[in-house]
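To keep things clear, I will list the structure first and then write my remarks on it.
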Amino acid sequence: MGQIILEKVSKTFGDVEVIPPLDLTIQDGEFTVFVGPSGCGKSTLLRLIAGLEDMTSGTLKIDGVDATHVPPAKRGLAMVFQSYALYPHMSVRKNIAFPMRMAGVDKAEQDRRIEQAAAALNLTDYLERRPGQLSGGQRQRVAIGRAIVREPEAFLFDEPLSNLDAALRVGMRLEISELHKRLETTMIYVTHDQVEAMTMADKIVVLRAGFIEQVGSPLELYHKPRNSFVAGFIGSPKMNLIEGPEAAKHDAHSIGIRPEHIDVTDSDGLWQGKVAVAEHLGSDTFFHVHGTGLGETLTVRATGELGYKHGDTIHLTPRADQIHRFDASGLRME
Amino acid sequence: MATQHSRSAARLMMAPAVILLLGWMLVPLTMTLFFSFKKYLPMRGGDLGWVGFDNYIRFVTSSAFWPSVTATLVIVLGVLFITVVFGVLLAILLDQPMWGQGIVRILVIAPFFVMPTVSALVWKNMFMDPVNGLFAHLWQAFGLTPVEWLSQASLGSIVMIVSWQWLPFATLILLTAIQSLDSEQLEAAEMDGAPALSRFGYITLPHLSRAITIVVLIQTIFLLSIFAEIFVTTQGSFGTCTLTYLIYQRVLESQNIGLGSAGGIYAVILANIMAVFLMRIVGKNLDA
């Protein structure tokens, strides 16, 4: 069981309110991702749940039990840190055994769980090494191993992949997702990378300046962003936000159209502009188009290869059913 | 990178420093060796010729030799123990965020800037004096008989004075080491269920082991040769005559240069044994 409920939780550092009072429920077994730009308070929120920071006000319930003043070790949560925080003078085996040793688990049980975790994480050959002798990905796995053996109510991940290179990050992302499917334990995952959020989450919590902007499944956020911030944050490349007369045509303060929802033609488009940069990825082509009269650069994503180069004039037509409308305060209009 | 040309240029430029250091070391060492085989009494006949290993035998068979070795060990080990233990505690304390941190840190470092002679005199006259000292007044305030520190607890007093001087050094090195400890490691240990004392034992102390070795190494080198503190306070009486002080006594008080030189050679050998021993420990520790 690992249901986590936050009620009116807030945090201030001195005069600065990092997290205004906030409510959030994380269901048992759910993979929840906190995502937002840096400094939005997502790590602080995770640390509040972990107990590494004291809440200024509010209550935290884990499995229906008030855990607001329970020390971190007694909350039954395991955390994986951004820097992995492995103990450098201990072997991998001792690192993984440490939480069990502190909990007084007997030796045979310790060994059993270590072998099990090591087998699951491909660490069996490295158990006698020190963290300094491992690669980044292996260290990451040791940190996860140290969390698994505690058999916690929930896992907390604080930007665990940000120190890895791009290829390894994709691999670890899959491993963590797989781990979640296998363990079915609640996981809370903090990241600033919306791709990680979209690919891994059951539920995404988008944060800005401590406020929860939207909570929902990845596709809900993609299709029905509650406001223009979420619309711009979720999805890659970013959604085009257009203001002015073009938006007024749709009775909105601004409209948003995702790059993949704009069709490119040689002629007869709704808009036209000059290609500033064309990024050819093989599977897709991204055009950054200037001079459309719609404000700044318009980003367009076309499937496959299109032969347009810098300086070419292209015609663009947004798909009418994919236009998002926002009012003056940025809120979504239906 | 290093071409033939740049290597010979480097050698040429290093030469003055190397020659100077070699000379600095070799000339006194050779002179000490030279005198150690002679009977040389400046006030009582001067150079009285070669005597072989007589001086060496006389130095170690003298009744003052073994007590001086013991005194040296007590002082070195005592000071090391006090400075490392209190150094670690002070470093942890100073690492805590507090008001006026900068000033407190400077105050803690201050004793290191006081000359050994001065600090020993201050301790002797202002703290340990059995009539006017601060400790004497304190004892009297509680109705106790003042302790004659430098005669009744002479070795302890000197250990205390020297520790006071070296504690800042240990604290400074250990503080910088503690500041380099990744706070996430401590948080991870906290989440793993380690109480404060275990976190200290399993995380902080292993992290500090390298810094502690360095403190021990450097302090040992300097503590083997402390002199001013003894000269100013007890003049080597009441069992505080260390090996260094014994050599001084042989040369200047007994005016026996040959005997003192033999003692000096013993001290050189002892220091080298210690150095090799410590270098091994440090080498092992710095690898990890």
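Simple scheme: letters A, B, ... for chains in structure tokens order, numbers from 1 for residues in each chain, numbers from 1 for ligands in the order shown.
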
Sel. of strand (DSSP E) residues, stretch 131-330 of chain A, as a PyMOL selection string: chain A and resi 154-158+186-191+203-208+211-216+240-243+254-257+262-265+271-280+284-290+298-303+313-318+324-326

Write a file of the just-selected residues containing C-alpha atoms, as a PDB file, in the first residue's frame.
ATOM      1  CA  ALA A 154       6.705   4.338  -2.307  1.00  0.00           C
ATOM      2  CA  PHE A 155       9.802   5.308  -4.259  1.00  0.00           C
ATOM      3  CA  LEU A 156      10.844   8.906  -4.615  1.00  0.00           C
ATOM      4  CA  PHE A 157      13.078   9.822  -7.544  1.00  0.00           C
ATOM      5  CA  ASP A 158      14.738  13.242  -7.632  1.00  0.00           C
ATOM      6  CA  THR A 186       3.822   3.911  -5.892  1.00  0.00           C
ATOM      7  CA  MET A 187       6.534   6.011  -7.488  1.00  0.00           C
ATOM      8  CA  ILE A 188       6.965   9.755  -7.421  1.00  0.00           C
ATOM      9  CA  TYR A 189       9.387  11.043  -9.969  1.00  0.00           C
ATOM     10  CA  VAL A 190      10.687  14.589 -10.303  1.00  0.00           C
ATOM     11  CA  THR A 191      12.022  15.836 -13.599  1.00  0.00           C
ATOM     12  CA  LYS A 203      -0.200  10.887 -13.794  1.00  0.00           C
ATOM     13  CA  ILE A 204       1.647  14.120 -14.437  1.00  0.00           C
ATOM     14  CA  VAL A 205       1.612  17.028 -12.031  1.00  0.00           C
ATOM     15  CA  VAL A 206       2.700  20.227 -13.781  1.00  0.00           C
ATOM     16  CA  LEU A 207       4.083  22.787 -11.371  1.00  0.00           C
ATOM     17  CA  ARG A 208       4.905  26.434 -11.801  1.00  0.00           C
ATOM     18  CA  PHE A 211       1.377  26.113  -7.915  1.00  0.00           C
ATOM     19  CA  ILE A 212      -0.107  22.996  -9.437  1.00  0.00           C
ATOM     20  CA  GLU A 213      -1.070  24.042 -12.952  1.00  0.00           C
ATOM     21  CA  GLN A 214      -2.651  20.756 -13.969  1.00  0.00           C
ATOM     22  CA  VAL A 215      -2.890  17.149 -12.899  1.00  0.00           C
ATOM     23  CA  GLY A 216      -3.730  14.480 -15.402  1.00  0.00           C
ATOM     24  CA  ASN A 240       2.900  27.659 -31.180  1.00  0.00           C
ATOM     25  CA  LEU A 241       0.985  30.324 -29.283  1.00  0.00           C
ATOM     26  CA  ILE A 242      -0.511  33.026 -31.461  1.00  0.00           C
ATOM     27  CA  GLU A 243      -2.108  36.249 -30.268  1.00  0.00           C
ATOM     28  CA  SER A 254      -4.629  33.569 -27.934  1.00  0.00           C
ATOM     29  CA  ILE A 255      -4.719  30.329 -29.821  1.00  0.00           C
ATOM     30  CA  GLY A 256      -2.329  27.426 -29.700  1.00  0.00           C
ATOM     31  CA  ILE A 257      -1.470  24.988 -32.428  1.00  0.00           C
ATOM     32  CA  ILE A 262       0.065  22.185 -39.186  1.00  0.00           C
ATOM     33  CA  ASP A 263       0.030  20.960 -42.773  1.00  0.00           C
ATOM     34  CA  VAL A 264       2.679  22.175 -45.199  1.00  0.00           C
ATOM     35  CA  THR A 265       1.859  22.814 -48.877  1.00  0.00           C
ATOM     36  CA  TRP A 271      -0.673  31.269 -43.762  1.00  0.00           C
ATOM     37  CA  GLN A 272       2.582  31.685 -45.615  1.00  0.00           C
ATOM     38  CA  GLY A 273       6.119  32.396 -44.559  1.00  0.00           C
ATOM     39  CA  LYS A 274       9.815  31.917 -45.244  1.00  0.00           C
ATOM     40  CA  VAL A 275      11.765  28.949 -43.872  1.00  0.00           C
ATOM     41  CA  ALA A 276      14.465  30.244 -41.515  1.00  0.00           C
ATOM     42  CA  VAL A 277      15.840  26.884 -40.443  1.00  0.00           C
ATOM     43  CA  ALA A 278      14.940  23.410 -41.627  1.00  0.00           C
ATOM     44  CA  GLU A 279      15.959  20.554 -39.300  1.00  0.00           C
ATOM     45  CA  HIS A 280      15.990  17.249 -41.129  1.00  0.00           C
ATOM     46  CA  ASP A 284      10.496  14.186 -39.369  1.00  0.00           C
ATOM     47  CA  THR A 285      11.383  17.625 -40.592  1.00  0.00           C
ATOM     48  CA  PHE A 286      11.080  20.672 -38.351  1.00  0.00           C
ATOM     49  CA  PHE A 287      10.647  24.054 -40.024  1.00  0.00           C
ATOM     50  CA  HIS A 288      11.123  27.312 -38.200  1.00  0.00           C
ATOM     51  CA  VAL A 289       9.152  29.775 -40.250  1.00  0.00           C
ATOM     52  CA  HIS A 290       9.469  33.574 -40.212  1.00  0.00           C
ATOM     53  CA  LEU A 298       6.264  29.442 -36.132  1.00  0.00           C
ATOM     54  CA  THR A 299       7.446  25.863 -35.655  1.00  0.00           C
ATOM     55  CA  VAL A 300       6.081  23.217 -37.972  1.00  0.00           C
ATOM     56  CA  ARG A 301       6.642  19.503 -37.859  1.00  0.00           C
ATOM     57  CA  ALA A 302       6.169  17.518 -41.032  1.00  0.00           C
ATOM     58  CA  THR A 303       6.418  13.757 -41.291  1.00  0.00           C
ATOM     59  CA  THR A 313       8.372  30.213 -49.110  1.00  0.00           C
ATOM     60  CA  ILE A 314       5.928  27.643 -47.783  1.00  0.00           C
ATOM     61  CA  HIS A 315       2.215  27.633 -47.119  1.00  0.00           C
ATOM     62  CA  LEU A 316       0.808  26.445 -43.811  1.00  0.00           C
ATOM     63  CA  THR A 317      -2.646  25.328 -42.778  1.00  0.00           C
ATOM     64  CA  PRO A 318      -3.564  24.487 -39.177  1.00  0.00           C
ATOM     65  CA  HIS A 324      -6.560  25.301 -28.654  1.00  0.00           C
ATOM     66  CA  ARG A 325      -8.172  28.541 -27.500  1.00  0.00           C
ATOM     67  CA  PHE A 326      -7.081  30.483 -24.420  1.00  0.00           C
TER      68      PHE A 326
END

What are the residues of chain A lining chain B at 12 Å or less? Count only C-alpha atoms, and put the answer as a PDB file with N, CA and C atoms, in the first residue's frame.
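That gives us iface39.pdb:
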ATOM      1  N   ARG A  47      10.931  16.607  -1.374  1.00  0.00           N
ATOM      2  CA  ARG A  47      11.651  16.549  -0.102  1.00  0.00           C
ATOM      3  C   ARG A  47      10.697  16.704   1.078  1.00  0.00           C
ATOM      4  N   ILE A  49       7.665  15.481   1.058  1.00  0.00           N
ATOM      5  CA  ILE A  49       7.064  14.152   1.184  1.00  0.00           C
ATOM      6  C   ILE A  49       8.052  13.198   1.861  1.00  0.00           C
ATOM      7  N   ALA A  50       9.333  13.327   1.470  1.00  0.00           N
ATOM      8  CA  ALA A  50      10.355  12.444   2.041  1.00  0.00           C
ATOM      9  C   ALA A  50      10.595  12.727   3.521  1.00  0.00           C
ATOM     10  N   GLY A  51      10.331  13.978   3.911  1.00  0.00           N
ATOM     11  CA  GLY A  51      10.590  14.353   5.303  1.00  0.00           C
ATOM     12  C   GLY A  51      11.946  15.007   5.486  1.00  0.00           C
ATOM     13  N   LEU A  52      12.635  15.289   4.390  1.00  0.00           N
ATOM     14  CA  LEU A  52      13.937  15.953   4.502  1.00  0.00           C
ATOM     15  C   LEU A  52      13.780  17.448   4.745  1.00  0.00           C
ATOM     16  N   GLU A  53      12.593  17.970   4.465  1.00  0.00           N
ATOM     17  CA  GLU A  53      12.274  19.353   4.811  1.00  0.00           C
ATOM     18  C   GLU A  53      11.013  19.316   5.672  1.00  0.00           C
ATOM     19  N   VAL A  70       6.401  12.512  11.275  1.00  0.00           N
ATOM     20  CA  VAL A  70       7.158  11.262  11.345  1.00  0.00           C
ATOM     21  C   VAL A  70       8.539  11.499  10.727  1.00  0.00           C
ATOM     22  N   PRO A  71       9.615  11.058  11.389  1.00  0.00           N
ATOM     23  CA  PRO A  71      10.943  11.252  10.799  1.00  0.00           C
ATOM     24  C   PRO A  71      11.087  10.471   9.488  1.00  0.00           C
ATOM     25  N   PRO A  72      11.962  10.944   8.582  1.00  0.00           N
ATOM     26  CA  PRO A  72      12.058  10.374   7.238  1.00  0.00           C
ATOM     27  C   PRO A  72      12.222   8.853   7.228  1.00  0.00           C
ATOM     28  N   ALA A  73      13.033   8.333   8.141  1.00  0.00           N
ATOM     29  CA  ALA A  73      13.324   6.897   8.103  1.00  0.00           C
ATOM     30  C   ALA A  73      12.079   6.065   8.393  1.00  0.00           C
ATOM     31  N   LYS A  74      11.129   6.644   9.136  1.00  0.00           N
ATOM     32  CA  LYS A  74       9.959   5.875   9.567  1.00  0.00           C
ATOM     33  C   LYS A  74       8.778   6.005   8.614  1.00  0.00           C
ATOM     34  N   ARG A  75       8.957   6.752   7.523  1.00  0.00           N
ATOM     35  CA  ARG A  75       7.822   6.952   6.624  1.00  0.00           C
ATOM     36  C   ARG A  75       7.655   5.822   5.637  1.00  0.00           C
ATOM     37  N   GLY A  76       8.656   4.938   5.588  1.00  0.00           N
ATOM     38  CA  GLY A  76       8.572   3.816   4.663  1.00  0.00           C
ATOM     39  C   GLY A  76       8.745   4.225   3.217  1.00  0.00           C
ATOM     40  N   LEU A  77       9.464   5.341   2.989  1.00  0.00           N
ATOM     41  CA  LEU A  77       9.702   5.791   1.625  1.00  0.00           C
ATOM     42  C   LEU A  77      11.185   5.622   1.311  1.00  0.00           C
ATOM     43  N   ALA A  78      11.496   5.297   0.072  1.00  0.00           N
ATOM     44  CA  ALA A  78      12.896   5.201  -0.337  1.00  0.00           C
ATOM     45  C   ALA A  78      13.152   6.237  -1.414  1.00  0.00           C
ATOM     46  N   MET A  79      14.315   6.865  -1.341  1.00  0.00           N
ATOM     47  CA  MET A  79      14.583   7.958  -2.271  1.00  0.00           C
ATOM     48  C   MET A  79      15.824   7.659  -3.097  1.00  0.00           C
ATOM     49  N   VAL A  80      15.753   8.035  -4.364  1.00  0.00           N
ATOM     50  CA  VAL A  80      16.926   7.956  -5.249  1.00  0.00           C
ATOM     51  C   VAL A  80      17.305   9.395  -5.588  1.00  0.00           C
ATOM     52  N   PHE A  81      18.544   9.747  -5.253  1.00  0.00           N
ATOM     53  CA  PHE A  81      18.952  11.146  -5.390  1.00  0.00           C
ATOM     54  C   PHE A  81      19.571  11.428  -6.749  1.00  0.00           C
ATOM     55  N   GLN A  82      19.569  12.712  -7.074  1.00  0.00           N
ATOM     56  CA  GLN A  82      20.149  13.134  -8.352  1.00  0.00           C
ATOM     57  C   GLN A  82      21.624  12.747  -8.457  1.00  0.00           C
ATOM     58  N   SER A  83      22.360  12.948  -7.351  1.00  0.00           N
ATOM     59  CA  SER A  83      23.795  12.615  -7.364  1.00  0.00           C
ATOM     60  C   SER A  83      24.019  11.153  -6.987  1.00  0.00           C
ATOM     61  N   TYR A  84      22.967  10.380  -6.879  1.00  0.00           N
ATOM     62  CA  TYR A  84      22.946   8.967  -6.460  1.00  0.00           C
ATOM     63  C   TYR A  84      23.234   8.821  -4.976  1.00  0.00           C
ATOM     64  N   ALA A  85      24.102   9.714  -4.422  1.00  0.00           N
ATOM     65  CA  ALA A  85      24.403   9.688  -2.985  1.00  0.00           C
ATOM     66  C   ALA A  85      24.803   8.310  -2.507  1.00  0.00           C
ATOM     67  N   LEU A  86      25.636   7.622  -3.283  1.00  0.00           N
ATOM     68  CA  LEU A  86      26.163   6.341  -2.813  1.00  0.00           C
ATOM     69  C   LEU A  86      27.246   6.622  -1.786  1.00  0.00           C
ATOM     70  N   TYR A  87      27.476   5.651  -0.900  1.00  0.00           N
ATOM     71  CA  TYR A  87      28.508   5.833   0.112  1.00  0.00           C
ATOM     72  C   TYR A  87      29.832   5.389  -0.498  1.00  0.00           C
ATOM     73  N   PRO A  88      30.764   6.318  -0.752  1.00  0.00           N
ATOM     74  CA  PRO A  88      31.922   6.019  -1.591  1.00  0.00           C
ATOM     75  C   PRO A  88      32.891   5.006  -0.989  1.00  0.00           C
ATOM     76  N   HIS A  89      32.908   4.883   0.342  1.00  0.00           N
ATOM     77  CA  HIS A  89      33.886   3.996   0.962  1.00  0.00           C
ATOM     78  C   HIS A  89      33.331   2.590   1.170  1.00  0.00           C
ATOM     79  N   MET A  90      32.088   2.357   0.733  1.00  0.00           N
ATOM     80  CA  MET A  90      31.507   1.026   0.909  1.00  0.00           C
ATOM     81  C   MET A  90      31.382   0.350  -0.456  1.00  0.00           C
ATOM     82  N   SER A  91      31.491  -0.978  -0.462  1.00  0.00           N
ATOM     83  CA  SER A  91      31.293  -1.715  -1.706  1.00  0.00           C
ATOM     84  C   SER A  91      29.817  -1.626  -2.097  1.00  0.00           C
ATOM     85  N   LYS A  94      27.680  -3.479   0.274  1.00  0.00           N
ATOM     86  CA  LYS A  94      27.432  -2.793   1.553  1.00  0.00           C
ATOM     87  C   LYS A  94      26.511  -1.607   1.379  1.00  0.00           C
ATOM     88  N   ASN A  95      26.625  -0.927   0.233  1.00  0.00           N
ATOM     89  CA  ASN A  95      25.729   0.182  -0.047  1.00  0.00           C
ATOM     90  C   ASN A  95      24.282  -0.290  -0.042  1.00  0.00           C
ATOM     91  N   ILE A  96      24.059  -1.393  -0.754  1.00  0.00           N
ATOM     92  CA  ILE A  96      22.688  -1.900  -0.869  1.00  0.00           C
ATOM     93  C   ILE A  96      22.216  -2.442   0.483  1.00  0.00           C
ATOM     94  N   ALA A  97      23.168  -3.000   1.254  1.00  0.00           N
ATOM     95  CA  ALA A  97      22.785  -3.593   2.537  1.00  0.00           C
ATOM     96  C   ALA A  97      22.520  -2.539   3.609  1.00  0.00           C
ATOM     97  N   PHE A  98      23.039  -1.310   3.396  1.00  0.00           N
ATOM     98  CA  PHE A  98      23.013  -0.310   4.462  1.00  0.00           C
ATOM     99  C   PHE A  98      21.638  -0.076   5.098  1.00  0.00           C
ATOM    100  N   PRO A  99      20.588   0.183   4.294  1.00  0.00           N
ATOM    101  CA  PRO A  99      19.282   0.413   4.936  1.00  0.00           C
ATOM    102  C   PRO A  99      18.786  -0.794   5.732  1.00  0.00           C
ATOM    103  N   MET A 100      19.112  -2.007   5.244  1.00  0.00           N
ATOM    104  CA  MET A 100      18.655  -3.208   5.965  1.00  0.00           C
ATOM    105  C   MET A 100      19.444  -3.366   7.253  1.00  0.00           C
ATOM    106  N   ARG A 101      20.752  -3.011   7.181  1.00  0.00           N
ATOM    107  CA  ARG A 101      21.590  -3.100   8.368  1.00  0.00           C
ATOM    108  C   ARG A 101      21.073  -2.144   9.442  1.00  0.00           C
ATOM    109  N   MET A 102      20.658  -0.960   9.003  1.00  0.00           N
ATOM    110  CA  MET A 102      20.138   0.022   9.947  1.00  0.00           C
ATOM    111  C   MET A 102      18.810  -0.439  10.526  1.00  0.00           C
ATOM    112  N   ALA A 103      18.051  -1.196   9.723  1.00  0.00           N
ATOM    113  CA  ALA A 103      16.748  -1.661  10.193  1.00  0.00           C
ATOM    114  C   ALA A 103      16.870  -2.952  10.986  1.00  0.00           C
ATOM    115  N   GLY A 104      18.080  -3.516  11.040  1.00  0.00           N
ATOM    116  CA  GLY A 104      18.290  -4.724  11.812  1.00  0.00           C
ATOM    117  C   GLY A 104      17.738  -5.979  11.156  1.00  0.00           C
ATOM    118  N   ARG A 129      32.578  -4.212  -5.974  1.00  0.00           N
ATOM    119  CA  ARG A 129      33.281  -2.993  -6.370  1.00  0.00           C
ATOM    120  C   ARG A 129      32.828  -1.808  -5.537  1.00  0.00           C
ATOM    121  N   ARG A 130      33.659  -0.756  -5.604  1.00  0.00           N
ATOM    122  CA  ARG A 130      33.259   0.498  -4.963  1.00  0.00           C
ATOM    123  C   ARG A 130      32.534   1.367  -5.995  1.00  0.00           C
ATOM    124  N   PRO A 131      31.671   2.280  -5.507  1.00  0.00           N
ATOM    125  CA  PRO A 131      30.937   3.138  -6.450  1.00  0.00           C
ATOM    126  C   PRO A 131      31.865   3.882  -7.417  1.00  0.00           C
ATOM    127  N   GLY A 132      33.050   4.266  -6.946  1.00  0.00           N
ATOM    128  CA  GLY A 132      33.974   5.007  -7.801  1.00  0.00           C
ATOM    129  C   GLY A 132      34.427   4.227  -9.017  1.00  0.00           C
ATOM    130  N   GLN A 133      34.288   2.893  -8.962  1.00  0.00           N
ATOM    131  CA  GLN A 133      34.746   2.070 -10.081  1.00  0.00           C
ATOM    132  C   GLN A 133      33.620   1.745 -11.055  1.00  0.00           C
ATOM    133  N   ALA A 143      21.905   2.824  -6.780  1.00  0.00           N
ATOM    134  CA  ALA A 143      21.029   3.687  -5.982  1.00  0.00           C
ATOM    135  C   ALA A 143      19.608   3.132  -5.978  1.00  0.00           C
ATOM    136  N   ILE A 144      19.161   2.642  -7.126  1.00  0.00           N
ATOM    137  CA  ILE A 144      17.822   2.058  -7.187  1.00  0.00           C
ATOM    138  C   ILE A 144      17.775   0.772  -6.364  1.00  0.00           C
ATOM    139  N   ARG A 146      19.506   0.065  -3.756  1.00  0.00           N
ATOM    140  CA  ARG A 146      19.471   0.413  -2.345  1.00  0.00           C
ATOM    141  C   ARG A 146      18.049   0.790  -1.918  1.00  0.00           C
ATOM    142  N   ALA A 147      17.304   1.358  -2.873  1.00  0.00           N
ATOM    143  CA  ALA A 147      15.922   1.720  -2.557  1.00  0.00           C
ATOM    144  C   ALA A 147      15.009   0.488  -2.555  1.00  0.00           C
ATOM    145  N   ILE A 148      15.232  -0.417  -3.528  1.00  0.00           N
ATOM    146  CA  ILE A 148      14.346  -1.584  -3.667  1.00  0.00           C
ATOM    147  C   ILE A 148      14.377  -2.489  -2.437  1.00  0.00           C
ATOM    148  N   VAL A 149      15.599  -2.765  -1.922  1.00  0.00           N
ATOM    149  CA  VAL A 149      15.715  -3.751  -0.854  1.00  0.00           C
ATOM    150  C   VAL A 149      14.956  -3.344   0.402  1.00  0.00           C
ATOM    151  N   ARG A 150      14.647  -2.079   0.504  1.00  0.00           N
ATOM    152  CA  ARG A 150      13.884  -1.660   1.692  1.00  0.00           C
ATOM    153  C   ARG A 150      12.420  -2.049   1.584  1.00  0.00           C
ATOM    154  N   GLU A 151      12.008  -2.458   0.409  1.00  0.00           N
ATOM    155  CA  GLU A 151      10.607  -2.776   0.149  1.00  0.00           C
ATOM    156  C   GLU A 151       9.703  -1.666   0.662  1.00  0.00           C
ATOM    157  N   PRO A 152       9.884  -0.470   0.113  1.00  0.00           N
ATOM    158  CA  PRO A 152       9.180   0.704   0.647  1.00  0.00           C
ATOM    159  C   PRO A 152       7.726   0.792   0.173  1.00  0.00           C
ATOM    160  N   PHE A 155       8.469   4.849  -3.855  1.00  0.00           N
ATOM    161  CA  PHE A 155       9.802   5.308  -4.259  1.00  0.00           C
ATOM    162  C   PHE A 155       9.728   6.783  -4.613  1.00  0.00           C
ATOM    163  N   LEU A 156      10.758   7.505  -4.221  1.00  0.00           N
ATOM    164  CA  LEU A 156      10.844   8.906  -4.615  1.00  0.00           C
ATOM    165  C   LEU A 156      12.100   9.058  -5.475  1.00  0.00           C
ATOM    166  N   PHE A 157      11.929   9.608  -6.659  1.00  0.00           N
ATOM    167  CA  PHE A 157      13.078   9.822  -7.544  1.00  0.00           C
ATOM    168  C   PHE A 157      13.264  11.322  -7.742  1.00  0.00           C
ATOM    169  N   ASP A 158      14.470  11.815  -7.444  1.00  0.00           N
ATOM    170  CA  ASP A 158      14.738  13.242  -7.632  1.00  0.00           C
ATOM    171  C   ASP A 158      15.656  13.418  -8.847  1.00  0.00           C
TER     172      ASP A 158
END

Rounded to one decimal place, report the atom CA of B:Asp54-atom CA of B:Asn256 distance in Å. 12.6 Å

Near B:Thr171, within 10 Å and counting only C-alpha atoms, which residues show up once chain neighbours fewer than 6 positions away are dropped, as a PyMOL selection string? chain B and resi 83-92+94+105+108-109+177+215

Can you pull out the residues contacting stretch 267-277 of chain B? Cut-off 8 Å, using only C-alpha atoms, and skip same-chain residues under 2 positions away; I want them as a PDB file with C-alpha atoms, in the first residue's frame.
ATOM      1  CA  ILE B 221      56.547  15.944  11.991  1.00  0.00           C
ATOM      2  CA  LEU B 224      58.589  15.614  17.330  1.00  0.00           C
ATOM      3  CA  LEU B 243      64.482  13.803  22.913  1.00  0.00           C
ATOM      4  CA  THR B 244      64.839  17.187  21.267  1.00  0.00           C
ATOM      5  CA  GLY B 263      71.633  12.206  19.868  1.00  0.00           C
ATOM      6  CA  GLY B 264      70.825  14.306  16.814  1.00  0.00           C
ATOM      7  CA  ILE B 265      71.622  11.390  14.530  1.00  0.00           C
ATOM      8  CA  MET B 279      53.940   7.748   4.280  1.00  0.00           C
ATOM      9  CA  ARG B 280      52.790   4.157   3.900  1.00  0.00           C
ATOM     10  CA  ILE B 281      49.571   4.814   5.784  1.00  0.00           C
TER      11      ILE B 281
END
